[in-house]
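Only one structure is covered here, and it is reproduced in the block below.
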Amino acid sequence: MVLKLRVGFFIAWIIPYVFLVCYNIGFFTYIITNAKGLNEINRMGIFVFMWFVFSLVLVFGAIRIIQWYKQGKFHIAHPSPNQETESVEPKAAEKRLSSVPDVPSCLGCRLANGLEEAHVVFENDYVTCLLDIDPLNEGHTLILPKRHFVELADTDISARHAIMNASVRISNALKMIYKPDGISIMQNGGSFNDLGHYHMHVFPRYNNDGFGWKEPAVKSRHSLDVVKQRIAEQLKDGMPQL
Ligand SMILES: [Zn+2]
């Protein structure tokens with residue numbers, strides 16, 4: 001194990017402390033060299049008192065820093081580059097590594113499981129509801145399952161129930177707080193899912209708030225009868241029973 005100096009800790013505490021000690025020595029020198037003048041204006045007592053209080057603070061600071069040094073807070077342990085000279089037993093080293101929680105690469109997983117800073121408004125065992133960082137309207141909330149799912153079809157039955165229940169709770173809360181003209185609930189899949197983790201949007205809506213459908217440039221080529229028949233047959237024959 002190699003001990004390395006924690007540079008940030010050193011800069012934050014040791015350098016300011018040394019600076020304050022120098023300042024205190026300078027202050028003491030000033031009092032000594034100007035003792036006669038300070039006595040004449042009757043300020044000697046207050047200057048000595050200030051120096052004494054400042055010195056006490058420095059003494060307590062020194063005691064604290066020595067305690068930190070003994071506790072090893074000034075250094076951080078790094079694994080030795082030469083494993084053969086490592087004195088830690090392999091089993092103990094493995095145990096230490098296994099105690100470090102896995103950090104998922106998916107941002108949605110990290111957000112839903114408290115591994116990223118977020119404004120969480122509600123959570124339970126299955127979902128976390130947090131504020132969108134770029135809200136369409138104030139109160140814009142995202143519902144994320146705690147397990148990693150990308151598409152709606154990937155979600156398990158527990159997550160689906162939890163997501164829908166959460167959408168009702170969030171909607172009711174937003175209605176009570178903002179008295180909107182309506183609530184919109186939205187979920188984007190495939191290449192329109194910018195998080196790569198399933199999430200449902202719930203946000204308050206107001207008449208003329210500027211948000212709305214944007215019509216595609218090319219509309220459906222088939223009649224509703226044809227489309228209905230196509231989807232109904234797919235649902236009847238080709239879909240796994242969920
Ligand atoms: Zn995820």
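Chain labels run A, B, ... following the order of the structure tokens; each chain numbers its residues from 1, and ligands are numbered from 1 in the order shown.
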Could you report the residues within 7 Å of ligand 1, using only C-alpha atoms and all ligand atoms, as a list in words? Cys106, Leu107, Gly108, Cys109, Arg147, His148, Phe149, Gly196 and His197 of chain A
Would you output that residue set with C-alpha atoms, as a CSV table (one decimal), in the first residue's frame?
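Writing the result to again-v6.csv gives the following:
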```csv
chain,number,residue,atom,x,y,z
A,106,CYS,CA,-26.8,4.1,-17.4
A,107,LEU,CA,-27.6,7.7,-16.2
A,108,GLY,CA,-31.3,6.7,-15.7
A,109,CYS,CA,-30.3,3.9,-13.4
A,147,ARG,CA,-34.6,-1.4,-12.6
A,148,HIS,CA,-33.1,-0.8,-16.0
A,149,PHE,CA,-35.7,-0.9,-18.8
A,196,GLY,CA,-31.7,5.3,-22.7
A,197,HIS,CA,-33.7,4.3,-19.7
```
Within 9 Å of Leu136 in chain A, counting only C-alpha atoms, which residues qualify if same-chain residues fewer than 4 places away don't, as a compact mmCIF listing (two decimals) with N, CA and C atoms, in the first residue's frame?
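Saved result, selection.txt, follows:
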```txt
# COMPACT_ATOMS: atom_id res chain seq x y z
N ASP A 132 -37.77 17.16 -14.05
CA ASP A 132 -37.02 17.30 -15.30
C ASP A 132 -36.12 18.54 -15.17
N HIS A 140 -42.84 19.84 -14.10
CA HIS A 140 -42.58 18.74 -15.05
C HIS A 140 -41.77 17.64 -14.35
N PHE A 203 -46.60 16.45 -16.83
CA PHE A 203 -46.41 17.89 -16.64
C PHE A 203 -47.73 18.64 -16.79
N PRO A 204 -47.87 19.75 -16.06
CA PRO A 204 -49.09 20.55 -16.14
C PRO A 204 -49.16 21.30 -17.46
N ARG A 205 -50.37 21.50 -17.96
CA ARG A 205 -50.58 22.20 -19.23
C ARG A 205 -51.53 23.38 -19.02
N PHE A 211 -47.06 24.40 -26.05
CA PHE A 211 -46.71 23.00 -26.27
C PHE A 211 -47.85 22.31 -26.99
```
List every residue of range 2-232 of chain A that DSSP, applied to the backbone, labels as alpha helix (DSSP H), and write the result as a ChimeraX atom specification. /A:7-9,15-33,35-40,44-70,90-98,107-112,157-178,224-232
Hey, can you spit out that residue selection with C-alpha atoms as a CSV table (one decimal), in the first residue's frame?
```
chain,number,residue,atom,x,y,z
A,7,VAL,CA,-3.4,17.7,-2.1
A,8,GLY,CA,-6.9,19.2,-1.7
A,9,PHE,CA,-6.9,18.7,2.0
A,15,ILE,CA,-1.4,26.3,3.8
A,16,PRO,CA,-4.1,28.7,5.4
A,17,TYR,CA,-3.0,27.6,8.8
A,18,VAL,CA,0.7,28.4,8.1
A,19,PHE,CA,-0.4,31.7,6.7
A,20,LEU,CA,-2.4,32.5,9.9
A,21,VAL,CA,0.6,31.5,12.1
A,22,CYS,CA,2.8,34.0,10.2
A,23,TYR,CA,0.1,36.6,10.5
A,24,ASN,CA,-0.1,36.0,14.3
A,25,ILE,CA,3.7,36.3,14.6
A,26,GLY,CA,3.5,39.6,12.6
A,27,PHE,CA,0.7,40.8,14.8
A,28,PHE,CA,2.8,40.0,18.0
A,29,THR,CA,5.8,41.8,16.5
A,30,TYR,CA,3.7,44.8,15.7
A,31,ILE,CA,2.5,45.0,19.4
A,32,ILE,CA,6.0,44.7,20.8
A,33,THR,CA,7.5,47.3,18.4
A,35,ALA,CA,4.1,49.1,22.7
A,36,LYS,CA,4.9,52.6,23.7
A,37,GLY,CA,2.5,54.2,21.2
A,38,LEU,CA,-0.3,51.7,22.1
A,39,ASN,CA,0.1,52.5,25.8
A,40,GLU,CA,-0.2,56.2,25.0
A,44,MET,CA,-2.4,48.0,24.6
A,45,GLY,CA,-4.9,45.9,26.5
A,46,ILE,CA,-7.3,45.3,23.6
A,47,PHE,CA,-4.4,44.5,21.2
A,48,VAL,CA,-2.9,41.9,23.6
A,49,PHE,CA,-6.3,40.4,24.2
A,50,MET,CA,-6.9,40.1,20.5
A,51,TRP,CA,-3.5,38.5,20.0
A,52,PHE,CA,-4.2,36.1,22.9
A,53,VAL,CA,-7.6,35.0,21.5
A,54,PHE,CA,-6.1,34.6,18.0
A,55,SER,CA,-3.3,32.5,19.5
A,56,LEU,CA,-5.8,30.3,21.4
A,57,VAL,CA,-7.7,29.6,18.1
A,58,LEU,CA,-4.4,28.7,16.5
A,59,VAL,CA,-3.5,26.3,19.3
A,60,PHE,CA,-6.9,24.6,19.0
A,61,GLY,CA,-6.4,24.4,15.2
A,62,ALA,CA,-3.0,22.8,15.7
A,63,ILE,CA,-4.5,20.2,18.0
A,64,ARG,CA,-7.2,19.4,15.4
A,65,ILE,CA,-4.7,19.1,12.6
A,66,ILE,CA,-2.5,16.8,14.7
A,67,GLN,CA,-5.5,14.6,15.4
A,68,TRP,CA,-6.3,14.5,11.6
A,69,TYR,CA,-2.7,13.6,10.9
A,70,LYS,CA,-2.9,10.7,13.4
A,90,PRO,CA,-5.9,-11.4,-1.0
A,91,LYS,CA,-9.2,-12.4,0.6
A,92,ALA,CA,-9.3,-9.2,2.6
A,93,ALA,CA,-8.6,-7.2,-0.5
A,94,GLU,CA,-11.4,-8.9,-2.4
A,95,LYS,CA,-13.8,-8.3,0.4
A,96,ARG,CA,-12.9,-4.6,0.4
A,97,LEU,CA,-13.5,-4.3,-3.3
A,98,SER,CA,-16.8,-6.2,-3.1
A,107,LEU,CA,-27.6,7.7,-16.2
A,108,GLY,CA,-31.3,6.7,-15.7
A,109,CYS,CA,-30.3,3.9,-13.4
A,110,ARG,CA,-28.0,6.2,-11.4
A,111,LEU,CA,-30.7,8.8,-11.1
A,112,ALA,CA,-33.4,6.3,-10.1
A,157,ILE,CA,-45.7,-6.1,-14.5
A,158,SER,CA,-44.6,-4.6,-11.1
A,159,ALA,CA,-42.8,-1.7,-12.8
A,160,ARG,CA,-45.8,-1.0,-15.1
A,161,HIS,CA,-48.2,-0.9,-12.1
A,162,ALA,CA,-45.8,1.3,-10.2
A,163,ILE,CA,-45.3,3.7,-13.1
A,164,MET,CA,-49.1,4.1,-13.7
A,165,ASN,CA,-49.8,4.5,-10.0
A,166,ALA,CA,-47.1,7.1,-9.7
A,167,SER,CA,-48.5,9.0,-12.7
A,168,VAL,CA,-51.8,9.3,-11.0
A,169,ARG,CA,-50.2,10.5,-7.8
A,170,ILE,CA,-48.0,13.0,-9.6
A,171,SER,CA,-50.9,14.2,-11.7
A,172,ASN,CA,-53.1,14.8,-8.6
A,173,ALA,CA,-50.3,16.7,-6.8
A,174,LEU,CA,-49.7,18.9,-9.9
A,175,LYS,CA,-53.4,19.6,-10.2
A,176,MET,CA,-53.6,20.6,-6.5
A,177,ILE,CA,-50.5,22.9,-6.6
A,178,TYR,CA,-50.7,24.5,-10.1
A,224,LEU,CA,-58.5,3.9,-41.0
A,225,ASP,CA,-60.3,0.6,-42.0
A,226,VAL,CA,-57.1,-0.9,-43.4
A,227,VAL,CA,-55.0,0.3,-40.5
A,228,LYS,CA,-57.5,-1.0,-38.0
A,229,GLN,CA,-57.6,-4.5,-39.6
A,230,ARG,CA,-53.8,-4.6,-39.7
A,231,ILE,CA,-53.3,-3.8,-36.0
A,232,ALA,CA,-56.2,-5.9,-34.8
```
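The gap separating CA of Asn124 in chain A from CA of Pro145 in chain A is 9.7 Å, in Å to one decimal.
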Shell around Leu142 in chain A at 8 Å using only C-alpha atoms, local window under 2 positions removed, as a PyMOL selection string: chain A and resi 129-132+140+144+199-202
Selection file, C-alpha atoms, as a PDB file, in the first residue's frame:
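Written output follows (out-v4.pdb):
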```pdb
ATOM      1  CA  CYS A 129     -40.086  10.475  -9.554  1.00  0.00           C
ATOM      2  CA  LEU A 130     -37.863  13.487 -10.082  1.00  0.00           C
ATOM      3  CA  LEU A 131     -38.041  16.920 -11.654  1.00  0.00           C
ATOM      4  CA  ASP A 132     -37.016  17.302 -15.300  1.00  0.00           C
ATOM      5  CA  HIS A 140     -42.578  18.743 -15.049  1.00  0.00           C
ATOM      6  CA  LEU A 144     -38.201   6.276 -13.761  1.00  0.00           C
ATOM      7  CA  HIS A 199     -39.081   7.342 -18.286  1.00  0.00           C
ATOM      8  CA  MET A 200     -42.551   8.839 -18.346  1.00  0.00           C
ATOM      9  CA  HIS A 201     -43.134  12.597 -18.467  1.00  0.00           C
ATOM     10  CA  VAL A 202     -45.951  14.141 -16.418  1.00  0.00           C
TER      11      VAL A 202
END
```
